[in-house]
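Trainee: This is structure-v1.cif (mmCIF, C-alpha atoms and all ligand atoms).
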```cif
data_run
#
loop_
_atom_site.group_PDB
_atom_site.id
_atom_site.type_symbol
_atom_site.label_atom_id
_atom_site.label_comp_id
_atom_site.auth_asym_id
_atom_site.auth_seq_id
_atom_site.Cartn_x
_atom_site.Cartn_y
_atom_site.Cartn_z
ATOM 1 C CA MET M 1 -91.811 34.804 32.662
ATOM 2 C CA SER M 2 -94.819 34.453 30.417
ATOM 3 C CA LYS M 3 -96.796 31.497 29.263
ATOM 4 C CA ILE M 4 -98.265 30.707 25.866
ATOM 5 C CA ILE M 5 -101.410 28.625 25.940
ATOM 6 C CA LEU M 6 -102.951 27.121 22.830
ATOM 7 C CA GLU M 7 -106.487 25.766 22.981
ATOM 8 C CA ARG M 8 -106.039 23.132 20.303
ATOM 9 C CA GLU M 9 -109.693 22.122 20.362
ATOM 10 C CA LYS M 10 -110.692 25.524 18.936
ATOM 11 C CA CYS M 11 -107.934 25.727 16.317
ATOM 12 C CA ILE M 12 -109.146 25.693 12.704
ATOM 13 C CA GLY M 13 -105.670 25.158 11.249
ATOM 14 C CA CYS M 14 -105.510 28.408 9.274
ATOM 15 C CA GLY M 15 -101.708 28.518 9.562
ATOM 16 C CA SER M 16 -101.457 32.176 10.518
ATOM 17 C CA CYS M 17 -99.569 31.509 13.764
ATOM 18 C CA GLN M 18 -97.007 29.358 11.971
ATOM 19 C CA THR M 19 -96.470 32.011 9.298
ATOM 20 C CA LEU M 20 -96.054 34.856 11.770
ATOM 21 C CA CYS M 21 -94.228 32.967 14.499
ATOM 22 C CA PRO M 22 -92.502 29.781 13.358
ATOM 23 C CA LYS M 23 -90.293 30.007 16.435
ATOM 24 C CA TYR M 24 -93.186 28.783 18.575
ATOM 25 C CA PHE M 25 -95.858 27.383 16.273
ATOM 26 C CA GLU M 26 -96.252 24.761 13.615
ATOM 27 C CA ILE M 27 -99.153 22.907 12.040
ATOM 28 C CA SER M 28 -99.126 19.313 13.206
ATOM 29 C CA GLU M 29 -100.171 16.155 11.395
ATOM 30 C CA ASP M 30 -103.726 16.414 12.702
ATOM 31 C CA GLY M 31 -104.114 19.752 10.859
ATOM 32 C CA LYS M 32 -104.123 21.884 13.988
ATOM 33 C CA ALA M 33 -101.405 24.100 15.363
ATOM 34 C CA LEU M 34 -99.077 22.995 18.120
ATOM 35 C CA ILE M 35 -96.594 24.865 20.273
ATOM 36 C CA LYS M 36 -93.104 23.534 19.724
ATOM 37 C CA ASN M 37 -91.487 21.913 22.778
ATOM 38 C CA SER M 38 -94.608 22.457 24.844
ATOM 39 C CA THR M 39 -96.411 20.377 27.425
ATOM 40 C CA ARG M 40 -99.834 19.074 26.429
ATOM 41 C CA ASP M 41 -102.493 18.857 29.101
ATOM 42 C CA PRO M 42 -104.065 15.408 28.709
ATOM 43 C CA LYS M 43 -107.437 16.604 29.979
ATOM 44 C CA THR M 44 -107.901 19.785 27.966
ATOM 45 C CA GLY M 45 -105.624 19.039 25.010
ATOM 46 C CA ASN M 46 -104.114 22.508 25.459
ATOM 47 C CA ASP M 47 -100.437 23.128 24.766
ATOM 48 C CA GLU M 48 -98.556 25.279 27.286
ATOM 49 C CA LEU M 49 -95.052 26.693 27.152
ATOM 50 C CA GLU M 50 -93.202 28.954 29.591
ATOM 51 C CA ILE M 51 -91.237 31.647 27.765
ATOM 52 C CA ASN M 52 -88.916 34.458 28.790
ATOM 53 C CA LYS M 53 -89.841 36.789 25.974
ATOM 54 C CA THR M 54 -93.147 36.913 24.171
ATOM 55 C CA GLU M 55 -91.482 37.882 20.877
ATOM 56 C CA CYS M 56 -93.656 36.922 17.904
ATOM 57 C CA GLY M 57 -96.048 34.979 20.139
ATOM 58 C CA GLN M 58 -98.138 38.087 20.699
ATOM 59 C CA GLU M 59 -98.486 38.705 16.970
ATOM 60 C CA ALA M 60 -99.600 35.118 16.504
ATOM 61 C CA ALA M 61 -102.157 35.493 19.291
ATOM 62 C CA ASP M 62 -103.465 38.739 17.803
ATOM 63 C CA SER M 63 -103.788 37.172 14.355
ATOM 64 C CA CYS M 64 -105.610 33.994 15.374
ATOM 65 C CA PRO M 65 -109.112 34.161 13.868
ATOM 66 C CA VAL M 66 -110.638 32.032 16.622
ATOM 67 C CA GLN M 67 -108.605 33.570 19.462
ATOM 68 C CA CYS M 68 -107.327 30.267 20.774
ATOM 69 C CA ILE M 69 -103.789 31.515 21.533
ATOM 70 C CA HIS M 70 -103.375 33.176 24.912
ATOM 71 C CA ILE M 71 -100.354 34.903 26.442
ATOM 72 C CA LYS M 72 -100.295 35.168 30.225
HETATM 73 S S1 LIG F 1 -103.794 31.116 14.052
HETATM 74 FE FE1 LIG F 1 -105.213 30.116 15.490
HETATM 75 S S2 LIG F 1 -106.650 28.966 14.213
HETATM 76 FE FE2 LIG F 1 -104.919 29.527 12.930
HETATM 77 S S3 LIG F 1 -103.590 27.687 13.017
HETATM 78 FE FE3 LIG F 1 -102.895 29.130 14.595
HETATM 79 S S4 LIG F 1 -103.957 28.531 16.469
HETATM 80 FE FE4 LIG F 1 -105.017 27.561 14.748
#
```
Show me this structure written as structure tokens.

Mentor:
Amino acid sequence: MSKIILEREKCIGCGSCQTLCPKYFEISEDGKALIKNSTRDPKTGNDELEINKTECGQEAADSCPVQCIHIK
């Protein structure tokens, strides 16, 4: 099992994650990315999703210009 974590506070809404990995990411109405079907931490605002396979998530993380996508 892996986990994708998105620090939404840092996101600049460039859209790269959505382009490279629409399976997990989309740009939400507030102009920042979100992780589809994720849990949002009310304190940090981070989205977190447990995944079996990283798939395109790693590419999205590598492409993020502000490095706010983390795979653990
Ligand atoms: S690649 Fe990073 S900065 Fe760009 S929309 Fe996705 S999370 Fe936000």

Trainee: Residues within 9 Å of ligand LIG 1 (chain F), counting all atoms listed in the file: report them as a ChimeraX atom specification.

Mentor: /M:6-8,10-20,25-27,31-34,60-69

Trainee: Using the chain letters and numbers from the file, give me the residues hit by the PyMOL selection byres (((chain M and resi 2) around 12) and not hetatm), as a PyMOL selection string.

Mentor: chain M and resi 1+3-5+48-55+57-58+70-72

Trainee: Selected by the PyMOL selection byres (((chain M and resi 23) around 8) and not hetatm) in the shown coordinates: which residues, as a list in words?

Mentor: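 So the PyMOL selection byres (((chain M and resi 23) around 8) and not hetatm) ends up selecting Cys21, Pro22, Tyr24, Phe25, Lys36 and Cys56 of chain M.
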
Trainee: Is it possible to get the axis-aligned box enclosing region 57-68 of chain M (all listed atoms, 8 Å extra per side) as AutoDock Vina command-line options, with centre and edge lengths in Å rounded to one decimal?

Mentor:
```
--center_x -103.3 --center_y 34.5 --center_z 17.3 --size_x 30.6 --size_y 24.5 --size_z 22.9
```

Trainee: With N, CA and C atoms retained, output region 5-54 of chain M as a compact mmCIF listing (two decimals), in the first residue's frame.

Mentor:
```
# COMPACT_ATOMS: atom_id res chain seq x y z
N ILE M 5 -0.30 12.08 -0.90
CA ILE M 5 -0.65 13.23 -0.08
C ILE M 5 -0.48 14.49 -0.93
N LEU M 6 -1.48 15.32 -0.91
CA LEU M 6 -1.44 16.58 -1.65
C LEU M 6 -1.56 17.74 -0.66
N GLU M 7 -0.52 18.56 -0.61
CA GLU M 7 -0.57 19.76 0.23
C GLU M 7 -1.26 20.86 -0.57
N ARG M 8 -2.56 20.95 -0.40
CA ARG M 8 -3.34 21.88 -1.24
C ARG M 8 -2.94 23.33 -1.02
N GLU M 9 -2.51 23.66 0.17
CA GLU M 9 -2.14 25.04 0.47
C GLU M 9 -1.03 25.54 -0.46
N LYS M 10 -0.12 24.65 -0.84
CA LYS M 10 1.02 25.04 -1.68
C LYS M 10 0.70 25.04 -3.16
N CYS M 11 -0.38 24.36 -3.54
CA CYS M 11 -0.69 24.17 -4.97
C CYS M 11 -0.92 25.51 -5.66
N ILE M 12 -0.34 25.66 -6.85
CA ILE M 12 -0.53 26.89 -7.63
C ILE M 12 -1.47 26.66 -8.81
N GLY M 13 -2.06 25.48 -8.88
CA GLY M 13 -3.09 25.22 -9.89
C GLY M 13 -2.58 25.16 -11.33
N CYS M 14 -1.35 24.70 -11.51
CA CYS M 14 -0.77 24.69 -12.87
C CYS M 14 -1.42 23.64 -13.78
N GLY M 15 -2.04 22.63 -13.20
CA GLY M 15 -2.75 21.63 -13.99
C GLY M 15 -1.92 20.45 -14.46
N SER M 16 -0.64 20.47 -14.17
CA SER M 16 0.24 19.39 -14.63
C SER M 16 -0.18 18.02 -14.11
N CYS M 17 -0.54 17.95 -12.85
CA CYS M 17 -0.92 16.64 -12.26
C CYS M 17 -2.16 16.09 -12.95
N GLN M 18 -3.12 16.97 -13.23
CA GLN M 18 -4.34 16.52 -13.89
C GLN M 18 -4.05 16.02 -15.29
N THR M 19 -3.17 16.70 -16.00
CA THR M 19 -2.82 16.31 -17.37
C THR M 19 -2.12 14.95 -17.38
N LEU M 20 -1.17 14.77 -16.46
CA LEU M 20 -0.38 13.54 -16.46
C LEU M 20 -1.10 12.38 -15.77
N CYS M 21 -1.99 12.68 -14.85
CA CYS M 21 -2.58 11.62 -14.05
C CYS M 21 -4.04 11.93 -13.69
N PRO M 22 -4.90 11.96 -14.70
CA PRO M 22 -6.31 12.25 -14.43
C PRO M 22 -7.00 11.18 -13.59
N LYS M 23 -6.38 10.02 -13.50
CA LYS M 23 -6.94 8.96 -12.65
C LYS M 23 -7.06 9.44 -11.20
N TYR M 24 -6.08 10.18 -10.75
CA TYR M 24 -6.06 10.61 -9.34
C TYR M 24 -6.30 12.09 -9.11
N PHE M 25 -6.00 12.92 -10.12
CA PHE M 25 -6.03 14.37 -9.86
C PHE M 25 -7.00 15.12 -10.76
N GLU M 26 -7.58 16.16 -10.19
CA GLU M 26 -8.32 17.11 -11.01
C GLU M 26 -8.22 18.48 -10.36
N ILE M 27 -8.44 19.52 -11.18
CA ILE M 27 -8.44 20.88 -10.65
C ILE M 27 -9.86 21.16 -10.14
N SER M 28 -9.94 21.61 -8.92
CA SER M 28 -11.26 21.82 -8.31
C SER M 28 -11.73 23.25 -8.54
N GLU M 29 -12.91 23.55 -8.06
CA GLU M 29 -13.51 24.86 -8.31
C GLU M 29 -12.72 26.00 -7.70
N ASP M 30 -11.95 25.72 -6.67
CA ASP M 30 -11.15 26.79 -6.05
C ASP M 30 -9.83 27.02 -6.78
N GLY M 31 -9.63 26.32 -7.92
CA GLY M 31 -8.44 26.56 -8.74
C GLY M 31 -7.23 25.76 -8.33
N LYS M 32 -7.37 24.96 -7.30
CA LYS M 32 -6.27 24.10 -6.86
C LYS M 32 -6.61 22.65 -7.16
N ALA M 33 -5.55 21.83 -7.19
CA ALA M 33 -5.77 20.42 -7.46
C ALA M 33 -6.45 19.74 -6.27
N LEU M 34 -7.12 18.65 -6.56
CA LEU M 34 -7.61 17.77 -5.50
C LEU M 34 -7.30 16.34 -5.91
N ILE M 35 -7.29 15.44 -4.93
CA ILE M 35 -7.16 14.02 -5.22
C ILE M 35 -8.56 13.43 -5.20
N LYS M 36 -8.93 12.81 -6.30
CA LYS M 36 -10.26 12.23 -6.41
C LYS M 36 -10.49 11.17 -5.34
N ASN M 37 -11.67 11.18 -4.76
CA ASN M 37 -12.08 10.19 -3.75
C ASN M 37 -11.18 10.15 -2.52
N SER M 38 -10.56 11.27 -2.23
CA SER M 38 -9.63 11.29 -1.09
C SER M 38 -10.31 11.78 0.17
N THR M 39 -9.56 11.70 1.27
CA THR M 39 -10.00 12.26 2.54
C THR M 39 -9.24 13.57 2.73
N ARG M 40 -9.96 14.61 3.13
CA ARG M 40 -9.30 15.90 3.37
C ARG M 40 -9.16 16.13 4.87
N ASP M 41 -7.92 16.39 5.27
CA ASP M 41 -7.65 16.67 6.68
C ASP M 41 -8.15 18.08 6.99
N PRO M 42 -9.10 18.22 7.92
CA PRO M 42 -9.66 19.54 8.19
C PRO M 42 -8.66 20.53 8.77
N LYS M 43 -7.63 20.03 9.41
CA LYS M 43 -6.64 20.94 10.01
C LYS M 43 -5.65 21.45 8.97
N THR M 44 -5.09 20.53 8.19
CA THR M 44 -4.04 20.92 7.25
C THR M 44 -4.59 21.28 5.87
N GLY M 45 -5.78 20.79 5.54
CA GLY M 45 -6.31 20.99 4.19
C GLY M 45 -5.71 20.02 3.18
N ASN M 46 -4.87 19.10 3.65
CA ASN M 46 -4.24 18.14 2.75
C ASN M 46 -5.22 17.05 2.34
N ASP M 47 -5.11 16.60 1.09
CA ASP M 47 -5.86 15.44 0.63
C ASP M 47 -4.97 14.21 0.75
N GLU M 48 -5.56 13.10 1.19
CA GLU M 48 -4.80 11.85 1.33
C GLU M 48 -5.61 10.69 0.76
N LEU M 49 -4.92 9.82 0.04
CA LEU M 49 -5.60 8.66 -0.55
C LEU M 49 -4.67 7.46 -0.50
N GLU M 50 -5.19 6.35 0.05
CA GLU M 50 -4.44 5.08 0.05
C GLU M 50 -4.60 4.45 -1.33
N ILE M 51 -3.50 3.98 -1.90
CA ILE M 51 -3.56 3.35 -3.22
C ILE M 51 -2.75 2.05 -3.21
N ASN M 52 -3.15 1.14 -4.08
CA ASN M 52 -2.40 -0.12 -4.21
C ASN M 52 -1.20 0.06 -5.12
N LYS M 53 -1.43 0.76 -6.21
CA LYS M 53 -0.35 0.98 -7.17
C LYS M 53 -0.18 2.47 -7.40
N THR M 54 1.07 2.89 -7.44
CA THR M 54 1.34 4.32 -7.61
C THR M 54 0.91 4.80 -8.99
```
